[in-house]
Each structure stands twice: as C-alpha cells, then as structure tokens.
Amino acid sequence: EDNSDGTVTIATGGVENGQTVTVTIGGVADTCSASSNACSATVAAGDLDGYTDGATVTIYVDVDDAAGNSATQNSATTFVYDVTVAAATQTTAVSDPTGDTTPDAVINVGEAGTIAVGGTNGCALSSTSTMTSGGNTITLGTISTGDGDYTCTVTFTDTAGNAASALALTAFTLDTTAPVFSSVTASWGAYLNAVEDNSDGTVTVVLSNSNDNGRTATVTINSVVDTCTISGTTCAATIAAGDLDGYTDGATVTIYVDISDAVGNAATQNSGT
C-alpha cells in the first residue's frame, strides 16, 4: 500500500463549498476542497513510506469556514505503519507415513493473521485459516486425491495484509491402502499326515503389494500364534511339530493370517487355508 498514492476522505459539517481542508501526515500537508461537506485529499506514495516499522501515525485534519472560524483539529484517526512479516515456522510435522486424510500439523506465527494452504494437488485446509500469535494446530485435507507423496505449503498473511514467503511443510506419504494377501500356503498341503506332524512345518505368506517390507505377519493355528517378517512380498512362519499334532483324526483345521502396514491399515484376515 505504501507504494501507491492513498486518499484521506473527510466529512465536514457547516463548511461552505470551496473551503480548503488540510490533511497533515508526518509533517506533510495535503489539501482538498470541500463540496457538499466532503472531500478527499490525495496523499502521495512517497509520503506514505519511511516511517519506522510498527509506528503509530496520526492524521491531523484542519479546516476554516468562510468567516475564518477554525474547526477543532481532528486527530482521532491513526494507522499503524506495518510493512514486515515473518514466515510461519513448523513445530510439529504430519506423521510420515500417515493413514489420516485430515492430518494435523502445528505451525508458529509471530503475530495474528490468516493462512492459505497450497502445494501438491490435494493439499488443502479444513480447519480455520485464522491464526493467533504463537503455536497453532492446523488440519489439512480432506485429501481426496488418493495415496501418494504430499508436500503442502502454508502462506501467512498478517492483519496488515503483508504476505510472508511460503513455508513448505515436511513432506509426508498418505497411505490408506491395507496389505492384500496373494496366497497362504502350508508346507504339508491340504492334508497333514502321520509323518508330517512329527516335524516342524512352514506356512508361507505372499502379499500382492511390495511396500510392506519388514512388517510382521501373524499365523494362528488352533490358537497357537507364530510370526514371520515380510521380506519383499513374502515370509515363512515356522510351525513347531508339537503344535501340529493332537488334532482329532479327520478334523478340518483353519489357518488364520493377519498383517497390518506401517500406519495401521489392517489386511482382511486370511482364513482360506
């Protein structure tokens, strides 16, 4: 605003048309001629800058009527010269990865104002844009563009209208897709015979997706739990021989397999083996 001419509009009472109204700001006087008890004085851009940032500046207005009677000087209008703003800073990042389509972050601003969120397509703001000085929890989203990598930006504008440079929040990956079992295979096949139940067996788990490396698959047979760690897309759980006998001859035994990804998305339990 201090780069362009401004105006000060004055409303008067009992001032004849043509009378000169004087507006003084920072020792610089500008004038306008009253018409129907009003006028607007143009204040040059060069007279609107150069103040100390944060200073309160008073506008003084004087006018006389045609008989020379002077109005009481008006000094009730002030403004704050504010031309600087600090960018927001991030104090708490979105968890990475996250399964939350409306994740929270905490940012800090040095004064009151508002924010706008941009960045990767899908980044948005679902909480209030109004910020108070200090820490503010903001809620992004709802992210409806699907799983993937996101870098959201926050641009802070203070109450004076000064926009700071954009803050890039820490990048995060949105993952709302649970693991999917491709196959579960027991080393003894569809039947467990009298020889096989005397030795340890294995249950091999294969996933259809490859982003769950290091996750633990849980294999439960007759309430006994064994585990294995996914490497690539597969792992094999060892089932102790002692857990493979003792069933009623001819009984059908179900193998239950469970797994969750890093953000807690649980696969549909496999009980087809």
# chains A, B, ... in the order shown; residues from 1 in each chain; ligands from 1

$ residues_around --residues "range 197-210 of chain A" --least-positions-apart "6" --cutoff "9 Å" --atoms "only C-alpha atoms" --output "PyMOL selection string"
chain A and resi 179-188+217+219+228+230-245+255+257

$ residues_around --residues "Ile115 in chain A" --least-positions-apart "6" --cutoff "7 Å" --atoms "only C-alpha atoms" --output "list in words"
Ser129, Thr130, Val154, Thr155, Phe156 and Thr157 of chain A

$ closest_residue --among "A:Ala66, A:Val83, A:Ala251, A:Val109" --to "Asp2 in chain A" --atoms "only C-alpha atoms"
A:Val83

$ residues_around --residues "range 49-53 of chain A" --least-positions-apart "4" --cutoff "12 Å" --atoms "only C-alpha atoms" --output "ChimeraX atom specification"
/A:1-6,25-28,43-45,57-58,79-85,160

$ write_last_selection --atoms "all heavy atoms" --output "compact mmCIF listing (two decimals), in the first residue's frame"
# COMPACT_ATOMS: atom_id res chain seq x y z
N GLU A 1 0.81 -1.21 0.00
CA GLU A 1 0.00 0.00 0.00
C GLU A 1 0.85 1.27 0.00
O GLU A 1 0.44 2.29 -0.56
CB GLU A 1 -0.93 0.01 1.21
CG GLU A 1 -2.03 -1.05 1.14
CD GLU A 1 -2.79 -1.19 2.45
OE1 GLU A 1 -2.17 -1.02 3.51
OE2 GLU A 1 -4.01 -1.46 2.40
N ASP A 2 2.04 1.21 0.65
CA ASP A 2 2.85 2.42 0.71
C ASP A 2 3.58 2.69 -0.61
O ASP A 2 4.32 3.67 -0.73
CB ASP A 2 3.84 2.39 1.88
CG ASP A 2 4.95 1.37 1.71
OD1 ASP A 2 4.87 0.54 0.78
OD2 ASP A 2 5.91 1.41 2.51
N ASN A 3 3.35 1.83 -1.62
CA ASN A 3 3.93 2.05 -2.95
C ASN A 3 2.98 2.77 -3.90
O ASN A 3 3.34 3.04 -5.04
CB ASN A 3 4.34 0.70 -3.57
CG ASN A 3 5.47 0.04 -2.82
OD1 ASN A 3 6.41 0.71 -2.39
ND2 ASN A 3 5.39 -1.27 -2.66
N SER A 4 1.78 3.05 -3.42
CA SER A 4 0.78 3.72 -4.25
C SER A 4 0.20 4.90 -3.51
O SER A 4 0.23 4.96 -2.28
CB SER A 4 -0.35 2.75 -4.62
OG SER A 4 0.14 1.60 -5.27
N ASP A 5 -0.31 5.87 -4.29
CA ASP A 5 -1.00 7.01 -3.67
C ASP A 5 -2.19 6.51 -2.87
O ASP A 5 -2.84 5.52 -3.23
CB ASP A 5 -1.49 7.99 -4.74
CG ASP A 5 -0.35 8.69 -5.47
OD1 ASP A 5 0.80 8.58 -5.03
OD2 ASP A 5 -0.63 9.35 -6.50
N GLY A 6 -2.47 7.21 -1.77
CA GLY A 6 -3.64 6.91 -0.96
C GLY A 6 -4.54 8.12 -0.87
O GLY A 6 -4.22 9.20 -1.37
N ILE A 25 0.09 14.58 7.54
CA ILE A 25 0.58 13.27 7.99
C ILE A 25 2.10 13.31 7.98
O ILE A 25 2.72 13.60 6.94
CB ILE A 25 0.10 12.13 7.06
CG1 ILE A 25 -1.42 12.14 6.92
CG2 ILE A 25 0.57 10.78 7.59
CD1 ILE A 25 -1.95 11.14 5.92
N GLY A 26 2.69 13.05 9.11
CA GLY A 26 4.16 13.05 9.19
C GLY A 26 4.77 14.37 8.80
O GLY A 26 5.86 14.40 8.22
N GLY A 27 4.08 15.45 9.08
CA GLY A 27 4.58 16.79 8.77
C GLY A 27 4.35 17.23 7.35
O GLY A 27 4.70 18.36 6.99
N VAL A 28 3.75 16.36 6.53
CA VAL A 28 3.47 16.70 5.12
C VAL A 28 2.00 17.03 4.99
O VAL A 28 1.13 16.25 5.41
CB VAL A 28 3.85 15.54 4.19
CG1 VAL A 28 3.50 15.88 2.74
CG2 VAL A 28 5.33 15.19 4.32
N VAL A 43 -2.85 11.56 -0.97
CA VAL A 43 -1.57 11.51 -0.26
C VAL A 43 -0.61 10.72 -1.13
O VAL A 43 -0.85 9.55 -1.46
CB VAL A 43 -1.72 10.85 1.11
CG1 VAL A 43 -0.39 10.84 1.85
CG2 VAL A 43 -2.78 11.58 1.94
N ALA A 44 0.46 11.37 -1.56
CA ALA A 44 1.41 10.75 -2.48
C ALA A 44 2.09 9.54 -1.85
O ALA A 44 2.35 9.50 -0.64
CB ALA A 44 2.45 11.77 -2.91
N ALA A 45 2.40 8.52 -2.70
CA ALA A 45 3.06 7.31 -2.22
C ALA A 45 4.35 7.65 -1.49
O ALA A 45 4.68 7.04 -0.46
CB ALA A 45 3.34 6.37 -3.39
N VAL A 57 0.90 6.27 13.41
CA VAL A 57 0.95 7.57 12.75
C VAL A 57 -0.43 8.23 12.86
O VAL A 57 -1.45 7.60 12.62
CB VAL A 57 1.35 7.41 11.26
CG1 VAL A 57 1.44 8.78 10.58
CG2 VAL A 57 2.67 6.64 11.13
N THR A 58 -0.43 9.52 13.22
CA THR A 58 -1.68 10.26 13.40
C THR A 58 -1.97 11.12 12.17
O THR A 58 -1.06 11.75 11.61
CB THR A 58 -1.62 11.15 14.64
OG1 THR A 58 -1.39 10.34 15.80
CG2 THR A 58 -2.92 11.93 14.83
N PHE A 79 -3.09 5.28 12.12
CA PHE A 79 -2.83 3.99 11.48
C PHE A 79 -1.47 3.50 11.91
O PHE A 79 -0.61 4.28 12.34
CB PHE A 79 -2.92 4.10 9.94
CG PHE A 79 -1.91 5.01 9.30
CD1 PHE A 79 -0.67 4.53 8.89
CD2 PHE A 79 -2.21 6.36 9.11
CE1 PHE A 79 0.25 5.36 8.28
CE2 PHE A 79 -1.28 7.21 8.50
CZ PHE A 79 -0.06 6.71 8.10
N VAL A 80 -1.29 2.21 11.84
CA VAL A 80 -0.01 1.59 12.19
C VAL A 80 0.74 1.30 10.89
O VAL A 80 0.20 0.69 9.97
CB VAL A 80 -0.21 0.29 12.99
CG1 VAL A 80 1.14 -0.38 13.25
CG2 VAL A 80 -0.92 0.58 14.31
N TYR A 81 1.98 1.78 10.83
CA TYR A 81 2.82 1.52 9.66
C TYR A 81 3.45 0.14 9.85
O TYR A 81 4.32 -0.06 10.69
CB TYR A 81 3.89 2.60 9.53
CG TYR A 81 4.74 2.48 8.29
CD1 TYR A 81 4.21 2.74 7.03
CD2 TYR A 81 6.09 2.12 8.37
CE1 TYR A 81 4.99 2.64 5.89
CE2 TYR A 81 6.87 2.02 7.23
CZ TYR A 81 6.32 2.28 5.99
OH TYR A 81 7.10 2.18 4.86
N ASP A 82 2.99 -0.83 9.08
CA ASP A 82 3.41 -2.23 9.23
C ASP A 82 3.75 -2.77 7.86
O ASP A 82 2.85 -3.01 7.04
CB ASP A 82 2.28 -3.04 9.87
CG ASP A 82 2.66 -4.50 10.11
OD1 ASP A 82 3.73 -4.94 9.65
OD2 ASP A 82 1.86 -5.21 10.75
N VAL A 83 5.03 -2.97 7.60
CA VAL A 83 5.46 -3.41 6.26
C VAL A 83 6.28 -4.69 6.30
O VAL A 83 6.79 -5.13 5.26
CB VAL A 83 6.26 -2.29 5.55
CG1 VAL A 83 5.36 -1.10 5.23
CG2 VAL A 83 7.46 -1.85 6.39
N THR A 84 6.42 -5.31 7.45
CA THR A 84 7.21 -6.54 7.52
C THR A 84 6.37 -7.66 8.11
O THR A 84 5.46 -7.44 8.90
CB THR A 84 8.48 -6.36 8.39
OG1 THR A 84 8.11 -6.00 9.72
CG2 THR A 84 9.38 -5.29 7.80
N VAL A 85 6.69 -8.87 7.70
CA VAL A 85 6.01 -10.05 8.21
C VAL A 85 6.98 -11.22 8.14
O VAL A 85 7.76 -11.33 7.19
CB VAL A 85 4.73 -10.36 7.41
CG1 VAL A 85 5.04 -10.63 5.94
CG2 VAL A 85 3.96 -11.53 8.04
N ALA A 160 -2.19 -6.69 8.67
CA ALA A 160 -1.97 -5.50 7.85
C ALA A 160 -2.00 -5.83 6.36
O ALA A 160 -1.93 -4.92 5.53
CB ALA A 160 -0.63 -4.85 8.21

$ closest_residue --among "A:Gln90, A:Thr216, A:Asn37, A:Thr227" --to "Val21 in chain A" --atoms "only C-alpha atoms"
A:Asn37

$ closest_residue --among "A:Gly46, A:Gly118, A:Gly14, A:Gly110" --to "Gly134 in chain A" --atoms "only C-alpha atoms"
A:Gly110

$ residues_around --residues "Asp104 in chain A" --least-positions-apart "3" --cutoff "10 Å" --atoms "only C-alpha atoms" --output "list of chain:residue names"
A:Thr92, A:Ala93, A:Val94, A:Ser95, A:Asp100, A:Thr101, A:Ile107, A:Leu125, A:Ser126, A:Ser127, A:Thr137, A:Ile138, A:Thr139, A:Leu140, A:Gly141

$ closest_residue --among "A:Ala171, A:Ile259, A:Leu192, A:Val253" --to "Thr229 in chain A" --atoms "only C-alpha atoms"
A:Ile259

$ residues_around --residues "Tyr60 in chain A" --least-positions-apart "2" --cutoff "7 Å" --atoms "only C-alpha atoms" --output "list in words"
Val23, Thr24, Ile25, Thr58, Asp62, Gln73, Asn74 and Ser75 of chain A

$ closest_residue --among "A:Thr7, A:Ser133, A:Ala71, A:Val63" --to "Ala41 in chain A" --atoms "only C-alpha atoms"
A:Thr7

$ select_by_dssp --residues "range 29-166 of chain A" --states "strand (DSSP E)" --output "VMD selection string"
chain A and resid 29 to 33 38 to 43 56 to 63 74 to 80 89 to 92 104 to 109 113 to 119 130 to 131 134 to 139 148 to 150 152 to 158

$ residues_around --residues "Val263 in chain A" --least-positions-apart "2" --cutoff "12 Å" --atoms "only C-alpha atoms" --output "list in words"
Ser95, Asp96, Pro97, Thr98, Gly99, Asp100, Thr173, Leu174, Asp175, Thr176, Thr177, Ala178, Pro179, Asn211, Asp212, Arg215, Ile259, Ser260, Asp261, Asn265, Ala266 and Ala267 of chain A

$ select_by_dssp --residues "range 3-225 of chain A" --states "helix (DSSP H, G or I)" --output "PyMOL selection string"
chain A and resi 45-47+196-198

$ write_last_selection --atoms "N, CA, C and O atoms" --output "PDB file, in the first residue's frame"
ATOM      1  N   ALA A  45       2.397   8.525  -2.700  1.00  0.00           N
ATOM      2  CA  ALA A  45       3.060   7.311  -2.219  1.00  0.00           C
ATOM      3  C   ALA A  45       4.355   7.646  -1.490  1.00  0.00           C
ATOM      4  O   ALA A  45       4.683   7.036  -0.464  1.00  0.00           O
ATOM      5  N   GLY A  46       5.069   8.610  -1.993  1.00  0.00           N
ATOM      6  CA  GLY A  46       6.337   8.979  -1.367  1.00  0.00           C
ATOM      7  C   GLY A  46       6.192   9.525   0.030  1.00  0.00           C
ATOM      8  O   GLY A  46       7.163   9.571   0.799  1.00  0.00           O
ATOM      9  N   ASP A  47       4.968   9.941   0.368  1.00  0.00           N
ATOM     10  CA  ASP A  47       4.720  10.459   1.717  1.00  0.00           C
ATOM     11  C   ASP A  47       4.149   9.391   2.646  1.00  0.00           C
ATOM     12  O   ASP A  47       3.850   9.676   3.814  1.00  0.00           O
ATOM     13  N   GLU A 196       4.148 -86.096   8.679  1.00  0.00           N
ATOM     14  CA  GLU A 196       4.363 -84.643   8.662  1.00  0.00           C
ATOM     15  C   GLU A 196       4.162 -83.990  10.021  1.00  0.00           C
ATOM     16  O   GLU A 196       4.836 -83.012  10.349  1.00  0.00           O
ATOM     17  N   ASP A 197       3.285 -84.533  10.835  1.00  0.00           N
ATOM     18  CA  ASP A 197       3.046 -83.877  12.127  1.00  0.00           C
ATOM     19  C   ASP A 197       4.135 -84.178  13.144  1.00  0.00           C
ATOM     20  O   ASP A 197       4.076 -83.735  14.291  1.00  0.00           O
ATOM     21  N   ASN A 198       5.162 -84.949  12.723  1.00  0.00           N
ATOM     22  CA  ASN A 198       6.302 -85.218  13.613  1.00  0.00           C
ATOM     23  C   ASN A 198       7.452 -84.246  13.390  1.00  0.00           C
ATOM     24  O   ASN A 198       8.465 -84.317  14.084  1.00  0.00           O
TER      25      ASN A 198
END

$ decode --residues "range 74-199 of chain A" --atoms "C-alpha atoms" --output "mmCIF file, in the first residue's frame"
data_model
loop_
_atom_site.group_PDB
_atom_site.id
_atom_site.type_symbol
_atom_site.label_atom_id
_atom_site.label_comp_id
_atom_site.auth_asym_id
_atom_site.auth_seq_id
_atom_site.Cartn_x
_atom_site.Cartn_y
_atom_site.Cartn_z
ATOM 1 C CA ASN A 74 -9.272 16.341 14.166
ATOM 2 C CA SER A 75 -6.569 13.922 15.347
ATOM 3 C CA ALA A 76 -8.738 10.920 16.097
ATOM 4 C CA THR A 77 -7.630 8.874 13.100
ATOM 5 C CA THR A 78 -4.417 6.873 13.334
ATOM 6 C CA PHE A 79 -2.832 3.989 11.475
ATOM 7 C CA VAL A 80 -0.009 1.591 12.186
ATOM 8 C CA TYR A 81 2.821 1.521 9.662
ATOM 9 C CA ASP A 82 3.415 -2.230 9.232
ATOM 10 C CA VAL A 83 5.458 -3.409 6.265
ATOM 11 C CA THR A 84 7.214 -6.539 7.525
ATOM 12 C CA VAL A 85 6.015 -10.050 8.212
ATOM 13 C CA ALA A 86 7.825 -13.237 9.185
ATOM 14 C CA ALA A 87 7.043 -16.537 7.518
ATOM 15 C CA ALA A 88 5.328 -19.211 9.569
ATOM 16 C CA THR A 89 7.522 -21.942 11.032
ATOM 17 C CA GLN A 90 6.675 -25.581 11.598
ATOM 18 C CA THR A 91 6.924 -27.018 15.109
ATOM 19 C CA THR A 92 5.182 -30.388 14.601
ATOM 20 C CA ALA A 93 5.101 -32.170 11.252
ATOM 21 C CA VAL A 94 2.456 -34.505 9.875
ATOM 22 C CA SER A 95 3.260 -38.104 10.837
ATOM 23 C CA ASP A 96 5.008 -39.898 7.997
ATOM 24 C CA PRO A 97 3.615 -42.118 6.679
ATOM 25 C CA THR A 98 0.036 -41.415 7.699
ATOM 26 C CA GLY A 99 -3.300 -43.047 7.041
ATOM 27 C CA ASP A 100 -5.150 -39.894 8.064
ATOM 28 C CA THR A 101 -6.756 -37.953 5.200
ATOM 29 C CA THR A 102 -7.147 -34.949 7.540
ATOM 30 C CA PRO A 103 -3.739 -34.886 9.237
ATOM 31 C CA ASP A 104 -2.673 -32.238 11.751
ATOM 32 C CA ALA A 105 0.458 -30.109 11.847
ATOM 33 C CA VAL A 106 1.495 -27.369 14.267
ATOM 34 C CA ILE A 107 2.845 -24.070 12.965
ATOM 35 C CA ASN A 108 4.050 -20.963 14.731
ATOM 36 C CA VAL A 109 3.432 -17.372 13.637
ATOM 37 C CA GLY A 110 4.824 -14.185 15.124
ATOM 38 C CA GLU A 111 1.576 -12.219 15.007
ATOM 39 C CA ALA A 112 -2.122 -12.619 14.266
ATOM 40 C CA GLY A 113 -3.266 -13.141 10.701
ATOM 41 C CA THR A 114 -4.504 -15.781 8.299
ATOM 42 C CA ILE A 115 -3.017 -18.645 6.320
ATOM 43 C CA ALA A 116 -3.597 -20.224 2.938
ATOM 44 C CA VAL A 117 -2.546 -23.794 2.117
ATOM 45 C CA GLY A 118 -1.184 -24.874 -1.246
ATOM 46 C CA GLY A 119 1.422 -27.235 -2.620
ATOM 47 C CA THR A 120 0.832 -30.706 -4.012
ATOM 48 C CA ASN A 121 -2.559 -31.175 -5.660
ATOM 49 C CA GLY A 122 -4.842 -32.330 -2.852
ATOM 50 C CA CYS A 123 -3.308 -30.165 -0.131
ATOM 51 C CA ALA A 124 -5.980 -28.038 1.493
ATOM 52 C CA LEU A 125 -7.082 -26.609 4.832
ATOM 53 C CA SER A 126 -10.101 -27.962 6.701
ATOM 54 C CA SER A 127 -9.549 -26.012 9.942
ATOM 55 C CA THR A 128 -9.841 -22.250 10.409
ATOM 56 C CA SER A 129 -7.488 -20.020 8.443
ATOM 57 C CA THR A 130 -7.345 -17.509 11.326
ATOM 58 C CA MET A 131 -4.097 -17.649 13.291
ATOM 59 C CA THR A 132 -3.180 -16.187 16.661
ATOM 60 C CA SER A 133 0.349 -15.231 17.621
ATOM 61 C CA GLY A 134 2.266 -18.343 18.701
ATOM 62 C CA GLY A 135 1.530 -22.005 18.058
ATOM 63 C CA ASN A 136 -1.498 -23.052 16.021
ATOM 64 C CA THR A 137 -2.689 -26.558 15.188
ATOM 65 C CA ILE A 138 -3.902 -26.755 11.612
ATOM 66 C CA THR A 139 -5.798 -29.607 9.984
ATOM 67 C CA LEU A 140 -5.030 -30.381 6.370
ATOM 68 C CA GLY A 141 -7.457 -32.009 3.970
ATOM 69 C CA THR A 142 -9.710 -33.618 3.384
ATOM 70 C CA ILE A 143 -7.133 -35.114 0.987
ATOM 71 C CA SER A 144 -9.262 -36.735 -1.706
ATOM 72 C CA THR A 145 -6.649 -37.193 -4.405
ATOM 73 C CA GLY A 146 -5.552 -40.587 -3.117
ATOM 74 C CA ASP A 147 -2.484 -42.213 -1.640
ATOM 75 C CA GLY A 148 0.899 -40.765 -2.501
ATOM 76 C CA ASP A 149 3.524 -38.233 -1.512
ATOM 77 C CA TYR A 150 2.465 -34.741 -0.444
ATOM 78 C CA THR A 151 4.338 -31.523 0.223
ATOM 79 C CA CYS A 152 1.931 -28.847 1.444
ATOM 80 C CA THR A 153 2.787 -25.158 1.767
ATOM 81 C CA VAL A 154 1.496 -22.551 4.210
ATOM 82 C CA THR A 155 1.488 -18.842 3.340
ATOM 83 C CA PHE A 156 0.900 -16.487 6.261
ATOM 84 C CA THR A 157 -0.606 -13.008 5.840
ATOM 85 C CA ASP A 158 -0.663 -10.628 8.799
ATOM 86 C CA THR A 159 -3.582 -8.398 9.736
ATOM 87 C CA ALA A 160 -1.967 -5.503 7.851
ATOM 88 C CA GLY A 161 -2.110 -7.517 4.627
ATOM 89 C CA ASN A 162 1.615 -8.320 4.379
ATOM 90 C CA ALA A 163 2.098 -11.805 2.880
ATOM 91 C CA ALA A 164 5.139 -13.803 4.001
ATOM 92 C CA SER A 165 7.050 -16.248 1.866
ATOM 93 C CA ALA A 166 5.511 -19.717 1.757
ATOM 94 C CA LEU A 167 6.521 -22.328 4.307
ATOM 95 C CA ALA A 168 6.946 -25.841 2.917
ATOM 96 C CA LEU A 169 5.723 -28.338 5.484
ATOM 97 C CA THR A 170 7.672 -31.560 5.903
ATOM 98 C CA ALA A 171 6.707 -33.962 3.129
ATOM 99 C CA PHE A 172 4.604 -36.974 4.066
ATOM 100 C CA THR A 173 3.164 -40.062 2.428
ATOM 101 C CA LEU A 174 -0.558 -40.754 2.622
ATOM 102 C CA ASP A 175 -1.270 -44.476 2.851
ATOM 103 C CA THR A 176 -4.858 -45.609 3.293
ATOM 104 C CA THR A 177 -4.472 -48.933 1.489
ATOM 105 C CA ALA A 178 -4.235 -52.091 3.589
ATOM 106 C CA PRO A 179 -1.996 -55.015 2.609
ATOM 107 C CA VAL A 180 -3.621 -57.699 0.478
ATOM 108 C CA PHE A 181 -2.828 -61.402 0.696
ATOM 109 C CA SER A 182 -1.908 -63.062 -2.568
ATOM 110 C CA SER A 183 -1.548 -66.553 -1.149
ATOM 111 C CA VAL A 184 -1.090 -68.530 2.070
ATOM 112 C CA THR A 185 0.438 -71.989 1.631
ATOM 113 C CA ALA A 186 1.145 -74.692 4.222
ATOM 114 C CA SER A 187 4.165 -76.917 3.563
ATOM 115 C CA TRP A 188 2.015 -80.020 4.264
ATOM 116 C CA GLY A 189 -0.595 -79.043 1.721
ATOM 117 C CA ALA A 190 -4.295 -79.799 2.077
ATOM 118 C CA TYR A 191 -3.642 -82.799 4.340
ATOM 119 C CA LEU A 192 -1.385 -83.245 7.378
ATOM 120 C CA ASN A 193 -0.381 -86.883 7.673
ATOM 121 C CA ALA A 194 1.136 -89.005 10.453
ATOM 122 C CA VAL A 195 4.690 -88.391 9.244
ATOM 123 C CA GLU A 196 4.363 -84.643 8.662
ATOM 124 C CA ASP A 197 3.046 -83.877 12.127
ATOM 125 C CA ASN A 198 6.302 -85.218 13.613
ATOM 126 C CA SER A 199 8.380 -82.403 12.071
#
